[in-house]
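Next comes upload.cif, with mmCIF, C-alpha atoms.
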```cif
data_model
loop_
_atom_site.label_atom_id
_atom_site.label_comp_id
_atom_site.auth_asym_id
_atom_site.auth_seq_id
_atom_site.Cartn_x
_atom_site.Cartn_y
_atom_site.Cartn_z
CA MET A 1 -62.78 265.81 -13.88
CA ALA A 2 -64.25 267.50 -16.93
CA SER A 3 -61.76 270.44 -16.94
CA LEU A 4 -58.86 268.29 -18.12
CA SER A 5 -60.75 267.37 -21.29
CA GLU A 6 -60.53 271.04 -22.33
CA LEU A 7 -56.71 270.98 -22.39
CA GLY A 8 -56.43 268.98 -25.58
CA LEU A 9 -55.41 265.36 -26.07
CA PRO A 10 -51.57 265.80 -26.30
CA LEU A 11 -51.34 267.75 -23.02
CA THR A 12 -53.73 265.35 -21.29
CA ILE A 13 -51.56 262.41 -22.34
CA ILE A 14 -48.48 264.14 -20.88
CA ILE A 15 -50.27 264.70 -17.57
CA PHE A 16 -51.38 261.06 -17.59
CA ALA A 17 -47.82 259.84 -18.23
CA LEU A 18 -46.23 262.01 -15.52
CA SER A 19 -48.86 260.96 -13.01
CA ALA A 20 -48.30 257.31 -13.91
CA ILE A 21 -44.54 257.62 -13.35
CA THR A 22 -45.12 259.26 -9.96
CA VAL A 23 -47.56 256.57 -8.87
CA TRP A 24 -45.21 253.83 -10.08
CA ILE A 25 -42.25 255.14 -8.07
CA ALA A 26 -44.39 255.67 -4.97
CA GLY A 27 -45.85 252.16 -5.23
CA THR A 28 -42.36 250.66 -5.43
CA ARG A 29 -41.32 252.50 -2.28
CA LEU A 30 -44.50 251.41 -0.52
CA SER A 31 -43.70 247.70 -0.78
CA GLU A 32 -40.25 248.30 0.72
CA TYR A 33 -41.71 250.20 3.67
CA ALA A 34 -44.39 247.54 4.13
CA ASP A 35 -41.71 244.86 4.37
CA THR A 36 -39.92 246.82 7.10
CA ILE A 37 -43.16 247.29 9.02
CA LYS A 38 -43.90 243.58 8.71
CA ASN A 39 -40.51 242.62 10.12
CA ALA A 40 -40.64 245.15 12.95
CA THR A 41 -44.16 244.28 14.09
CA GLY A 42 -44.27 240.55 13.37
CA ILE A 43 -47.39 240.91 11.24
CA GLY A 44 -47.62 238.33 8.45
CA GLN A 45 -47.27 239.10 4.75
CA ALA A 46 -50.94 238.41 4.06
CA ILE A 47 -52.21 240.81 6.73
CA VAL A 48 -49.81 243.57 5.64
CA GLY A 49 -50.99 243.09 2.06
CA ILE A 50 -54.67 243.10 2.99
CA ILE A 51 -54.62 246.09 5.33
CA LEU A 52 -51.62 248.32 4.59
CA LEU A 53 -50.85 247.83 0.90
CA ALA A 54 -54.45 247.36 -0.20
CA GLY A 55 -55.58 250.34 1.87
CA VAL A 56 -52.98 252.72 0.47
CA THR A 57 -53.10 251.53 -3.14
CA SER A 58 -56.91 251.80 -3.06
CA LEU A 59 -56.73 255.56 -2.48
CA PRO A 60 -57.09 256.41 -6.21
CA GLU A 61 -60.19 254.18 -6.44
CA ILE A 62 -61.59 255.85 -3.35
CA GLY A 63 -60.92 259.30 -4.82
CA VAL A 64 -62.50 258.45 -8.19
CA THR A 65 -65.49 256.79 -6.51
CA ALA A 66 -66.13 259.79 -4.27
CA THR A 67 -65.67 262.36 -7.03
CA ALA A 68 -67.84 260.51 -9.55
CA SER A 69 -70.56 259.87 -6.97
CA LEU A 70 -70.74 263.54 -5.94
CA ALA A 71 -70.94 264.47 -9.64
CA GLY A 72 -73.92 262.15 -10.11
CA GLU A 73 -71.94 259.66 -12.22
CA ALA A 74 -72.80 256.52 -10.26
CA GLU A 75 -72.48 254.30 -13.34
CA LEU A 76 -68.92 255.48 -14.01
CA ALA A 77 -68.00 254.99 -10.35
CA ALA A 78 -69.40 251.45 -10.19
CA ASN A 79 -67.86 250.32 -13.48
CA ASN A 80 -64.50 251.72 -12.39
CA LEU A 81 -64.69 249.46 -9.33
CA PHE A 82 -65.67 246.36 -11.33
CA GLY A 83 -63.06 247.16 -13.97
CA SER A 84 -60.36 247.53 -11.32
CA ILE A 85 -61.28 244.16 -9.82
CA ALA A 86 -61.02 242.32 -13.15
CA LEU A 87 -57.88 244.14 -14.26
CA GLN A 88 -56.05 243.69 -10.97
CA VAL A 89 -56.53 239.92 -11.02
CA SER A 90 -55.10 240.00 -14.56
CA LEU A 91 -52.14 242.00 -13.27
CA LEU A 92 -51.10 238.92 -11.30
CA ALA A 93 -49.96 237.56 -14.67
CA ALA A 94 -47.44 240.42 -14.83
CA VAL A 95 -46.24 239.49 -11.34
CA ASP A 96 -46.01 235.86 -12.51
CA ALA A 97 -43.91 236.89 -15.52
CA ALA A 98 -41.66 239.00 -13.29
CA ILE A 99 -40.54 236.05 -11.15
CA GLY A 100 -40.07 233.76 -14.19
CA ARG A 101 -39.27 230.03 -14.30
CA ASN A 102 -42.03 228.89 -11.91
CA ALA A 103 -45.74 229.61 -11.87
CA LEU A 104 -46.63 232.19 -9.22
CA THR A 105 -49.34 229.95 -7.80
CA SER A 106 -46.81 227.15 -7.18
CA VAL A 107 -44.79 229.19 -4.65
CA ILE A 108 -47.60 230.40 -2.38
CA PRO A 109 -47.65 228.54 0.97
CA ASP A 110 -50.22 230.66 2.82
CA PRO A 111 -53.84 229.36 2.87
CA THR A 112 -55.00 232.93 3.56
CA ILE A 113 -54.76 233.57 -0.18
CA ILE A 114 -57.35 230.85 -0.87
CA LEU A 115 -59.66 232.46 1.69
CA GLU A 116 -59.17 235.92 0.17
CA GLY A 117 -59.96 234.65 -3.30
CA ALA A 118 -63.04 232.75 -2.13
CA LEU A 119 -64.36 235.85 -0.35
CA ASN A 120 -63.84 237.88 -3.54
CA ILE A 121 -65.81 235.33 -5.55
CA ALA A 122 -68.67 235.16 -3.04
CA LEU A 123 -69.04 238.94 -2.76
CA LEU A 124 -68.78 239.57 -6.51
CA ALA A 125 -71.34 236.87 -7.28
CA ALA A 126 -73.70 238.43 -4.72
CA ILE A 127 -73.32 241.85 -6.36
CA ALA A 128 -74.01 240.37 -9.81
CA ALA A 129 -77.18 238.79 -8.41
CA ALA A 130 -78.12 242.12 -6.82
CA ILE A 131 -77.90 243.88 -10.20
CA ILE A 132 -80.36 241.35 -11.60
CA VAL A 133 -82.93 241.58 -8.79
CA GLY A 134 -82.59 245.32 -8.12
CA ASP A 135 -82.29 247.26 -4.87
CA ARG A 136 -84.23 249.51 -2.54
CA ALA A 137 -83.03 252.28 -0.23
CA VAL A 138 -82.77 251.96 3.54
CA PHE A 139 -81.95 255.30 5.22
CA GLY A 140 -81.05 256.68 1.79
CA ILE A 141 -78.59 253.88 0.97
CA GLY A 142 -79.31 250.71 -0.98
CA LEU A 143 -79.85 247.54 1.01
CA TRP A 144 -77.24 245.75 -1.10
CA ALA A 145 -74.79 248.61 -0.49
CA TRP A 146 -75.25 248.13 3.26
CA GLY A 147 -74.61 244.45 2.67
CA SER A 148 -71.41 245.11 0.70
CA LEU A 149 -70.03 247.24 3.53
CA ALA A 150 -70.92 244.62 6.14
CA ALA A 151 -69.43 241.86 4.00
CA TYR A 152 -66.18 243.78 3.55
CA LEU A 153 -65.82 244.42 7.30
CA ALA A 154 -66.62 240.77 8.04
CA SER A 155 -64.00 239.69 5.48
CA VAL A 156 -61.30 241.83 7.09
CA TRP A 157 -62.20 240.44 10.52
CA MET A 158 -62.06 236.88 9.23
CA LEU A 159 -58.76 237.38 7.42
CA SER A 160 -57.17 239.10 10.42
CA ARG A 161 -57.67 235.89 12.41
CA THR A 162 -55.70 233.69 10.00
CA LYS A 163 -52.24 234.69 11.29
CA GLY A 164 -50.26 231.68 12.44
CA ARG A 165 -52.29 229.02 10.69
CA ARG A 166 -50.22 226.17 9.29
CA PRO A 167 -49.16 226.78 5.66
CA TRP A 168 -48.99 224.09 3.03
CA LEU A 169 -45.76 223.27 1.21
CA ALA A 170 -45.24 225.04 -2.08
CA ALA A 171 -44.64 222.81 -5.09
CA ARG A 172 -41.09 221.59 -5.32
CA GLY A 173 -39.32 219.93 -8.24
CA GLY A 174 -36.20 219.88 -10.32
CA ARG A 175 -37.09 223.11 -12.07
CA ILE A 176 -37.18 225.18 -8.87
CA GLU A 177 -33.72 226.55 -8.19
CA ARG A 178 -34.54 228.91 -5.34
CA ALA A 179 -36.84 229.07 -2.33
CA PRO A 180 -39.02 232.14 -2.83
CA ILE A 181 -41.71 230.96 -0.44
CA GLN A 182 -39.85 231.72 2.76
CA GLU A 183 -40.96 234.70 4.79
CA ARG A 184 -38.34 237.41 4.92
CA ASP A 185 -38.72 237.61 8.70
CA GLU A 186 -36.73 234.37 8.81
CA GLU A 187 -33.71 236.13 7.36
CA ALA A 188 -30.83 237.38 9.49
CA THR A 189 -32.28 240.82 10.12
CA SER A 190 -32.14 242.54 13.50
CA PRO A 191 -35.66 243.10 14.83
CA LYS A 192 -34.29 245.65 17.29
CA THR A 193 -32.83 247.75 14.50
CA GLU A 194 -36.08 247.59 12.55
CA ARG A 195 -38.15 248.65 15.56
CA ARG A 196 -35.96 251.73 16.06
CA ALA A 197 -36.59 252.70 12.45
CA LEU A 198 -40.32 251.92 12.60
CA ARG A 199 -41.46 255.47 13.32
CA LEU A 200 -39.46 256.87 10.42
CA VAL A 201 -40.80 254.19 8.10
CA ILE A 202 -44.38 254.97 9.16
CA VAL A 203 -43.81 258.66 8.38
CA LYS A 204 -42.41 257.71 4.97
CA THR A 205 -45.38 255.41 4.38
CA VAL A 206 -47.80 258.25 5.11
CA ALA A 207 -45.88 260.49 2.69
CA VAL A 208 -46.07 257.82 0.00
CA ALA A 209 -49.80 257.40 0.66
CA ILE A 210 -50.37 261.13 0.18
CA THR A 211 -48.35 261.03 -3.04
CA ILE A 212 -50.36 258.08 -4.37
CA LEU A 213 -53.61 259.83 -3.45
CA GLY A 214 -52.70 263.06 -5.25
CA ALA A 215 -51.00 261.57 -8.29
CA GLY A 216 -53.55 258.77 -8.47
CA ALA A 217 -56.46 261.21 -8.52
CA LEU A 218 -54.77 263.21 -11.31
CA LEU A 219 -54.02 259.97 -13.15
CA ALA A 220 -57.64 258.87 -13.02
CA SER A 221 -58.93 262.30 -14.04
CA SER A 222 -56.58 262.55 -17.00
CA GLY A 223 -57.40 258.97 -17.99
CA GLU A 224 -61.10 259.79 -18.01
CA ALA A 225 -60.41 262.97 -20.01
CA ILE A 226 -58.46 260.96 -22.60
CA ALA A 227 -61.35 258.54 -22.89
CA VAL A 228 -63.85 261.37 -23.34
CA GLN A 229 -61.64 263.02 -25.98
CA THR A 230 -61.42 259.76 -27.91
CA GLY A 231 -65.19 259.26 -27.84
CA LEU A 232 -65.55 255.99 -25.92
CA GLY A 233 -68.76 255.23 -23.99
CA SER A 234 -68.96 256.06 -20.26
CA SER A 235 -69.37 252.43 -19.14
CA PHE A 236 -66.37 251.29 -21.16
CA ILE A 237 -64.38 254.30 -19.91
CA GLY A 238 -64.95 253.33 -16.30
CA PHE A 239 -64.29 249.63 -16.79
CA VAL A 240 -61.11 249.83 -18.86
CA LEU A 241 -59.27 253.16 -19.00
CA VAL A 242 -60.11 254.70 -15.62
CA ALA A 243 -59.75 251.26 -14.00
CA PHE A 244 -56.29 250.92 -15.52
CA SER A 245 -55.36 254.36 -14.22
CA THR A 246 -56.40 253.60 -10.66
CA SER A 247 -54.78 250.12 -10.75
CA LEU A 248 -51.23 251.32 -11.43
CA PRO A 249 -50.40 251.62 -7.69
CA GLU A 250 -51.34 247.96 -7.20
CA LEU A 251 -49.24 246.90 -10.18
CA SER A 252 -46.10 248.75 -9.10
CA THR A 253 -46.46 247.64 -5.47
CA ALA A 254 -47.16 243.99 -6.32
CA LEU A 255 -44.25 243.79 -8.77
CA SER A 256 -41.88 245.35 -6.27
CA ALA A 257 -43.02 242.98 -3.52
CA ALA A 258 -42.64 239.96 -5.83
CA ARG A 259 -39.10 240.94 -6.77
CA GLN A 260 -38.28 240.96 -3.04
CA GLY A 261 -39.69 237.45 -2.69
CA LEU A 262 -42.80 238.70 -0.88
CA PHE A 263 -45.24 236.78 -3.05
CA VAL A 264 -47.97 236.41 -0.43
CA MET A 265 -47.87 240.15 0.26
CA ALA A 266 -48.07 240.95 -3.46
CA ILE A 267 -51.15 238.79 -4.01
CA SER A 268 -52.82 239.97 -0.79
CA ASP A 269 -52.43 243.55 -2.02
CA ILE A 270 -54.38 242.70 -5.18
CA LEU A 271 -57.11 240.59 -3.58
CA GLY A 272 -57.39 242.92 -0.59
CA THR A 273 -57.89 245.91 -2.89
CA ASN A 274 -60.64 244.03 -4.68
CA LEU A 275 -62.46 243.47 -1.39
CA ILE A 276 -62.21 247.20 -0.68
CA ASN A 277 -63.64 247.94 -4.13
CA ILE A 278 -66.71 245.86 -3.32
CA GLY A 279 -67.17 247.73 -0.06
CA LEU A 280 -66.92 251.07 -1.92
CA LEU A 281 -70.38 250.48 -3.42
CA PHE A 282 -71.59 251.80 -0.08
CA VAL A 283 -69.67 255.05 -0.69
CA ILE A 284 -71.36 255.53 -4.07
CA ASP A 285 -74.80 255.40 -2.45
CA LEU A 286 -73.66 257.47 0.53
CA LEU A 287 -72.36 260.37 -1.58
CA GLY A 288 -74.60 260.03 -4.61
CA SER A 289 -78.17 261.09 -5.13
CA GLY A 290 -81.20 259.37 -6.59
CA GLU A 291 -81.96 255.66 -6.46
CA PRO A 292 -79.39 253.10 -5.24
CA VAL A 293 -76.48 252.50 -7.59
CA ILE A 294 -77.39 248.80 -7.96
CA SER A 295 -80.67 249.92 -9.53
CA GLN A 296 -78.89 252.29 -11.93
CA ILE A 297 -76.56 249.74 -13.51
CA GLY A 298 -77.41 246.75 -15.66
CA ALA A 299 -76.08 244.12 -18.04
CA PHE A 300 -72.69 245.75 -18.58
CA SER A 301 -71.93 245.94 -14.86
CA ALA A 302 -73.34 242.48 -14.13
CA PHE A 303 -71.07 240.96 -16.79
CA GLY A 304 -68.15 242.99 -15.43
CA ALA A 305 -68.72 241.62 -11.93
CA MET A 306 -68.98 238.05 -13.23
CA LEU A 307 -65.78 238.54 -15.24
CA GLY A 308 -64.08 239.27 -11.93
CA VAL A 309 -65.55 236.03 -10.54
CA VAL A 310 -64.21 233.98 -13.47
CA LEU A 311 -60.73 235.52 -13.32
CA THR A 312 -60.42 235.02 -9.57
CA ALA A 313 -61.66 231.44 -9.91
CA LEU A 314 -59.03 230.70 -12.58
CA PHE A 315 -56.35 231.99 -10.26
CA LEU A 316 -57.62 229.84 -7.39
CA ILE A 317 -57.71 226.79 -9.68
CA GLY A 318 -54.02 227.33 -10.39
CA LEU A 319 -53.35 227.75 -6.68
CA ALA A 320 -55.12 224.49 -5.84
CA GLU A 321 -53.56 222.57 -8.73
CA ARG A 322 -50.04 223.36 -7.44
CA ARG A 323 -48.19 222.96 -10.76
CA ASP A 324 -45.01 224.94 -11.45
CA ARG A 325 -45.02 224.58 -15.23
CA ALA A 326 -44.61 227.87 -17.06
CA LEU A 327 -45.03 229.08 -20.63
CA LEU A 328 -43.81 232.51 -21.77
CA ARG A 329 -42.54 233.01 -18.18
CA MET A 330 -46.10 232.58 -16.85
CA GLY A 331 -48.03 229.72 -15.32
CA TYR A 332 -50.82 228.21 -17.38
CA ASP A 333 -53.37 229.75 -15.02
CA SER A 334 -51.98 233.24 -15.68
CA ILE A 335 -52.19 232.67 -19.43
CA PHE A 336 -55.84 231.63 -19.15
CA VAL A 337 -56.53 234.70 -16.97
CA VAL A 338 -55.03 237.02 -19.59
CA LEU A 339 -57.03 235.36 -22.38
CA ALA A 340 -60.26 235.48 -20.37
CA TYR A 341 -59.75 239.15 -19.48
CA THR A 342 -59.01 240.08 -23.08
CA GLY A 343 -62.09 238.22 -24.32
CA GLY A 344 -64.21 239.79 -21.58
CA VAL A 345 -63.12 243.32 -22.50
CA VAL A 346 -63.91 242.66 -26.18
CA PHE A 347 -67.38 241.42 -25.23
CA LEU A 348 -67.90 244.38 -22.89
CA TYR A 349 -67.12 246.74 -25.76
CA THR A 350 -70.24 245.42 -27.48
CA LEU A 351 -72.23 246.11 -24.29
CA ARG A 352 -70.81 249.60 -23.70
CA ASP A 353 -74.16 251.29 -24.28
CA ALA A 354 -76.06 248.85 -22.03
CA THR A 355 -77.13 250.20 -18.64
#
```
Full structure transcribed into structure tokens:
Amino acid sequence: MASLSELGLPLTIIIFALSAITVWIAGTRLSEYADTIKNATGIGQAIVGIILLAGVTSLPEIGVTATASLAGEAELAANNLFGSIALQVSLLAAVDAAIGRNALTSVIPDPTIILEGALNIALLAAIAAAIIVGDRAVFGIGLWAWGSLAAYLASVWMLSRTKGRRPWLAARGGRIERAPIQERDEEATSPKTERRALRLVIVKTVAVAITILGAGALLASSGEAIAVQTGLGSSFIGFVLVAFSTSLPELSTALSAARQGLFVMAISDILGTNLINIGLLFVIDLLGSGEPVISQIGAFSAFGAMLGVVLTALFLIGLAERRDRALLRMGYDSIFVVLAYTGGVVFLYTLRDAT
């Protein structure tokens, strides 16, 4: 990761931009392939978003986490995860703006999204509490890190059992001129044709995953190099710039899914990735050395985790309120999320030297 900082800022920016374009194109393709897989297999949008999209778009986070942990930069790895969680919830505002007219949270009929968000809040709050009380190693890995892995696996198991549960009705009113809430598997598409193409789509999905892994790793490395060259603190680097770099696959995939009317899939990608990020605390302890990562981080990381809690809660409030009013092409909940994230980042800048 450090070698890119020796290339000079202009060249590093070019590498960052090219990597970002590659990741963006790959993420757009991924949502199309995921839709085909959903239709051919009968798996719901939420499950595809949680498992397939979130798994593939999390590859850059996994790469950065592993690399930083092996290099002994546990603080950078952890703050990248917390930063990705907060930023990716904020990216839902971009998805909201992309569909226009109606608030994104007014067209979501699947209760799985509420469950995903609640699990995110519970796990993030637990991690924030863990940072306050500290940790101790069990078989070389922090007890809280073991807990984060177990909680992630339990969350996936719980969410996988929600298929087929009765959805609620999305908000309807005079301002809604289309029906974006319907699953695309209700459209006149031949399941037989999609099943014949399933193998090819899976191969293409694997190719896209490899592309996202490679370009995403280069994107994160060049983003970190840019941050180092501009003199920002390591905590702030991980939370903002590197987190933005590794979150581009989620943004491109979620936007592409939303434009296809796959709103549940788009949101499940974001919230599912955030659950993976919490589970990756186990990877930091597994690959790193020294005391558990929870014991190495402090006020900055605790505030970062709680910022993720607040942002996710604001989104769930909008989902429960069921209003379709929009301002600047976004629902009121999205506007509050953007404002809260911006204020949180400003406050975190003042804590950038806190451990």
- line: Closest of A:Arg136, A:Lys204, A:Arg161, A:Arg199 to Ser295 (chain A), counting all atoms listed in the file, is A:Arg136
Which residue of A:Leu53, A:Val206, A:Ala150, A:Leu59 approaches Leu123 (chain A) most closely, using all atoms listed in the file: A:Ala150
task: Using only C-alpha atoms, give me every residue within 8 Å of (-65.9, 249.5, -7.3) in file coordinates, as a PyMOL selection string.
output: chain A and resi 61+65+77-85+276-281
Selected residues, C-alpha atoms, written as a PDB file, in the coordinates of the input, please.
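After the write, again_15.pdb holds the following:
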```pdb
ATOM      1  CA  GLU A  61     -60.190 254.180  -6.440  1.00  0.00           C
ATOM      2  CA  THR A  65     -65.490 256.790  -6.510  1.00  0.00           C
ATOM      3  CA  ALA A  77     -68.000 254.990 -10.350  1.00  0.00           C
ATOM      4  CA  ALA A  78     -69.400 251.450 -10.190  1.00  0.00           C
ATOM      5  CA  ASN A  79     -67.860 250.320 -13.480  1.00  0.00           C
ATOM      6  CA  ASN A  80     -64.500 251.720 -12.390  1.00  0.00           C
ATOM      7  CA  LEU A  81     -64.690 249.460  -9.330  1.00  0.00           C
ATOM      8  CA  PHE A  82     -65.670 246.360 -11.330  1.00  0.00           C
ATOM      9  CA  GLY A  83     -63.060 247.160 -13.970  1.00  0.00           C
ATOM     10  CA  SER A  84     -60.360 247.530 -11.320  1.00  0.00           C
ATOM     11  CA  ILE A  85     -61.280 244.160  -9.820  1.00  0.00           C
ATOM     12  CA  ILE A 276     -62.210 247.200  -0.680  1.00  0.00           C
ATOM     13  CA  ASN A 277     -63.640 247.940  -4.130  1.00  0.00           C
ATOM     14  CA  ILE A 278     -66.710 245.860  -3.320  1.00  0.00           C
ATOM     15  CA  GLY A 279     -67.170 247.730  -0.060  1.00  0.00           C
ATOM     16  CA  LEU A 280     -66.920 251.070  -1.920  1.00  0.00           C
ATOM     17  CA  LEU A 281     -70.380 250.480  -3.420  1.00  0.00           C
TER      18      LEU A 281
END
```
- request: Please write the residues picked by the PyMOL selection byres ((chain A and resi 9) around 10) on this file as a ChimeraX atom specification.
  value: /A:4-8,10-15,222,225-230
Please produce an output containing C-alpha atoms for each residue in the selection, written as a PDB file, in the coordinates of the input.
```pdb
ATOM      1  CA  LEU A   4     -58.860 268.290 -18.120  1.00  0.00           C
ATOM      2  CA  SER A   5     -60.750 267.370 -21.290  1.00  0.00           C
ATOM      3  CA  GLU A   6     -60.530 271.040 -22.330  1.00  0.00           C
ATOM      4  CA  LEU A   7     -56.710 270.980 -22.390  1.00  0.00           C
ATOM      5  CA  GLY A   8     -56.430 268.980 -25.580  1.00  0.00           C
ATOM      6  CA  PRO A  10     -51.570 265.800 -26.300  1.00  0.00           C
ATOM      7  CA  LEU A  11     -51.340 267.750 -23.020  1.00  0.00           C
ATOM      8  CA  THR A  12     -53.730 265.350 -21.290  1.00  0.00           C
ATOM      9  CA  ILE A  13     -51.560 262.410 -22.340  1.00  0.00           C
ATOM     10  CA  ILE A  14     -48.480 264.140 -20.880  1.00  0.00           C
ATOM     11  CA  ILE A  15     -50.270 264.700 -17.570  1.00  0.00           C
ATOM     12  CA  SER A 222     -56.580 262.550 -17.000  1.00  0.00           C
ATOM     13  CA  ALA A 225     -60.410 262.970 -20.010  1.00  0.00           C
ATOM     14  CA  ILE A 226     -58.460 260.960 -22.600  1.00  0.00           C
ATOM     15  CA  ALA A 227     -61.350 258.540 -22.890  1.00  0.00           C
ATOM     16  CA  VAL A 228     -63.850 261.370 -23.340  1.00  0.00           C
ATOM     17  CA  GLN A 229     -61.640 263.020 -25.980  1.00  0.00           C
ATOM     18  CA  THR A 230     -61.420 259.760 -27.910  1.00  0.00           C
TER      19      THR A 230
END
```
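Among A:Val310, A:Leu18, A:Ala93, A:Ala34, the residue with the shortest atom-to-atom distance to Ala54 (chain A), counting all atoms listed in the file, is A:Ala34.
For the set A:Leu339, A:Ile131, A:Leu92, A:Ala243, the residue with the smallest atom-to-atom gap to Ile294 (chain A) is A:Ile131, counting all atoms listed in the file.
Taking CA of Tyr332 (chain A) as the reference point, CA of Leu115 (chain A) is found at 21.4 Å.
Taking CA of Leu287 (chain A) and CA of Leu70 (chain A) as endpoints, the distance between them is 5.6 Å.
The residue that comes closest to Ile335 (chain A), out of A:Thr28, A:Thr36, A:Ser69, A:Ser90 and on the basis of all atoms listed in the file, is A:Ser90.
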field: Distance of CA of Gly140 (chain A) from CA of Glu291 (chain A), expressed in Å to one decimal place
entry: 8.4 Å
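Distances here use all atoms listed in the file; by that measure, the residue among A:Ile51, A:Leu200, A:Ile114, A:Ala17 closest to Ser160 (chain A) is A:Ile51.
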Taking a cut-off of 12 Å and counting only C-alpha atoms, can you build a table that, for each residue of region 47-146 of chain A near region 250-267 of chain A, reports the nearest atom pair and how far apart they are in Å (one decimal), sorted by chain then residue number, as a Markdown table?
```
| residue | atom | partner | partner_atom | distance |
| --- | --- | --- | --- | --- |
| A:Ile47 | CA | A:Met265 | CA | 7.8 |
| A:Val48 | CA | A:Met265 | CA | 6.7 |
| A:Gly49 | CA | A:Met265 | CA | 4.6 |
| A:Ile50 | CA | A:Met265 | CA | 7.9 |
| A:Ile51 | CA | A:Met265 | CA | 10.3 |
| A:Leu52 | CA | A:Met265 | CA | 10.0 |
| A:Leu53 | CA | A:Thr253 | CA | 7.7 |
| A:Ala54 | CA | A:Glu250 | CA | 7.7 |
| A:Gly55 | CA | A:Glu250 | CA | 10.3 |
| A:Val56 | CA | A:Glu250 | CA | 9.2 |
| A:Thr57 | CA | A:Glu250 | CA | 5.7 |
| A:Ser58 | CA | A:Glu250 | CA | 7.9 |
| A:Leu59 | CA | A:Glu250 | CA | 10.4 |
| A:Pro60 | CA | A:Glu250 | CA | 10.3 |
| A:Glu61 | CA | A:Glu250 | CA | 10.8 |
| A:Ser84 | CA | A:Glu250 | CA | 9.9 |
| A:Ile85 | CA | A:Glu250 | CA | 11.0 |
| A:Leu87 | CA | A:Leu251 | CA | 9.9 |
| A:Gln88 | CA | A:Glu250 | CA | 7.4 |
| A:Val89 | CA | A:Ile267 | CA | 8.9 |
| A:Ser90 | CA | A:Leu251 | CA | 10.1 |
| A:Leu91 | CA | A:Leu251 | CA | 6.5 |
| A:Leu92 | CA | A:Ile267 | CA | 7.3 |
| A:Ala93 | CA | A:Leu255 | CA | 10.3 |
| A:Ala94 | CA | A:Leu255 | CA | 7.6 |
| A:Val95 | CA | A:Leu255 | CA | 5.4 |
| A:Asp96 | CA | A:Ala258 | CA | 8.5 |
| A:Ala97 | CA | A:Leu255 | CA | 9.7 |
| A:Ala98 | CA | A:Leu255 | CA | 7.1 |
| A:Ile99 | CA | A:Arg259 | CA | 6.7 |
| A:Gly100 | CA | A:Arg259 | CA | 10.4 |
| A:Ala103 | CA | A:Phe263 | CA | 11.4 |
| A:Leu104 | CA | A:Phe263 | CA | 7.8 |
| A:Thr105 | CA | A:Phe263 | CA | 9.3 |
| A:Ser106 | CA | A:Phe263 | CA | 10.6 |
| A:Val107 | CA | A:Phe263 | CA | 7.8 |
| A:Ile108 | CA | A:Val264 | CA | 6.3 |
| A:Pro109 | CA | A:Val264 | CA | 8.0 |
| A:Asp110 | CA | A:Val264 | CA | 7.0 |
| A:Pro111 | CA | A:Val264 | CA | 9.7 |
| A:Thr112 | CA | A:Val264 | CA | 8.8 |
| A:Ile113 | CA | A:Val264 | CA | 7.4 |
| A:Ile114 | CA | A:Ile267 | CA | 10.6 |
| A:Glu116 | CA | A:Ile267 | CA | 9.5 |
| A:Gly117 | CA | A:Ile267 | CA | 9.8 |
```
Could you save the residues just selected, with C-alpha atoms, as a compact mmCIF listing (two decimals), keeping the file's coordinate frame?
```
# COMPACT_ATOMS: atom_id res chain seq x y z
CA ILE A 47 -52.21 240.81 6.73
CA VAL A 48 -49.81 243.57 5.64
CA GLY A 49 -50.99 243.09 2.06
CA ILE A 50 -54.67 243.10 2.99
CA ILE A 51 -54.62 246.09 5.33
CA LEU A 52 -51.62 248.32 4.59
CA LEU A 53 -50.85 247.83 0.90
CA ALA A 54 -54.45 247.36 -0.20
CA GLY A 55 -55.58 250.34 1.87
CA VAL A 56 -52.98 252.72 0.47
CA THR A 57 -53.10 251.53 -3.14
CA SER A 58 -56.91 251.80 -3.06
CA LEU A 59 -56.73 255.56 -2.48
CA PRO A 60 -57.09 256.41 -6.21
CA GLU A 61 -60.19 254.18 -6.44
CA SER A 84 -60.36 247.53 -11.32
CA ILE A 85 -61.28 244.16 -9.82
CA LEU A 87 -57.88 244.14 -14.26
CA GLN A 88 -56.05 243.69 -10.97
CA VAL A 89 -56.53 239.92 -11.02
CA SER A 90 -55.10 240.00 -14.56
CA LEU A 91 -52.14 242.00 -13.27
CA LEU A 92 -51.10 238.92 -11.30
CA ALA A 93 -49.96 237.56 -14.67
CA ALA A 94 -47.44 240.42 -14.83
CA VAL A 95 -46.24 239.49 -11.34
CA ASP A 96 -46.01 235.86 -12.51
CA ALA A 97 -43.91 236.89 -15.52
CA ALA A 98 -41.66 239.00 -13.29
CA ILE A 99 -40.54 236.05 -11.15
CA GLY A 100 -40.07 233.76 -14.19
CA ALA A 103 -45.74 229.61 -11.87
CA LEU A 104 -46.63 232.19 -9.22
CA THR A 105 -49.34 229.95 -7.80
CA SER A 106 -46.81 227.15 -7.18
CA VAL A 107 -44.79 229.19 -4.65
CA ILE A 108 -47.60 230.40 -2.38
CA PRO A 109 -47.65 228.54 0.97
CA ASP A 110 -50.22 230.66 2.82
CA PRO A 111 -53.84 229.36 2.87
CA THR A 112 -55.00 232.93 3.56
CA ILE A 113 -54.76 233.57 -0.18
CA ILE A 114 -57.35 230.85 -0.87
CA GLU A 116 -59.17 235.92 0.17
CA GLY A 117 -59.96 234.65 -3.30
```
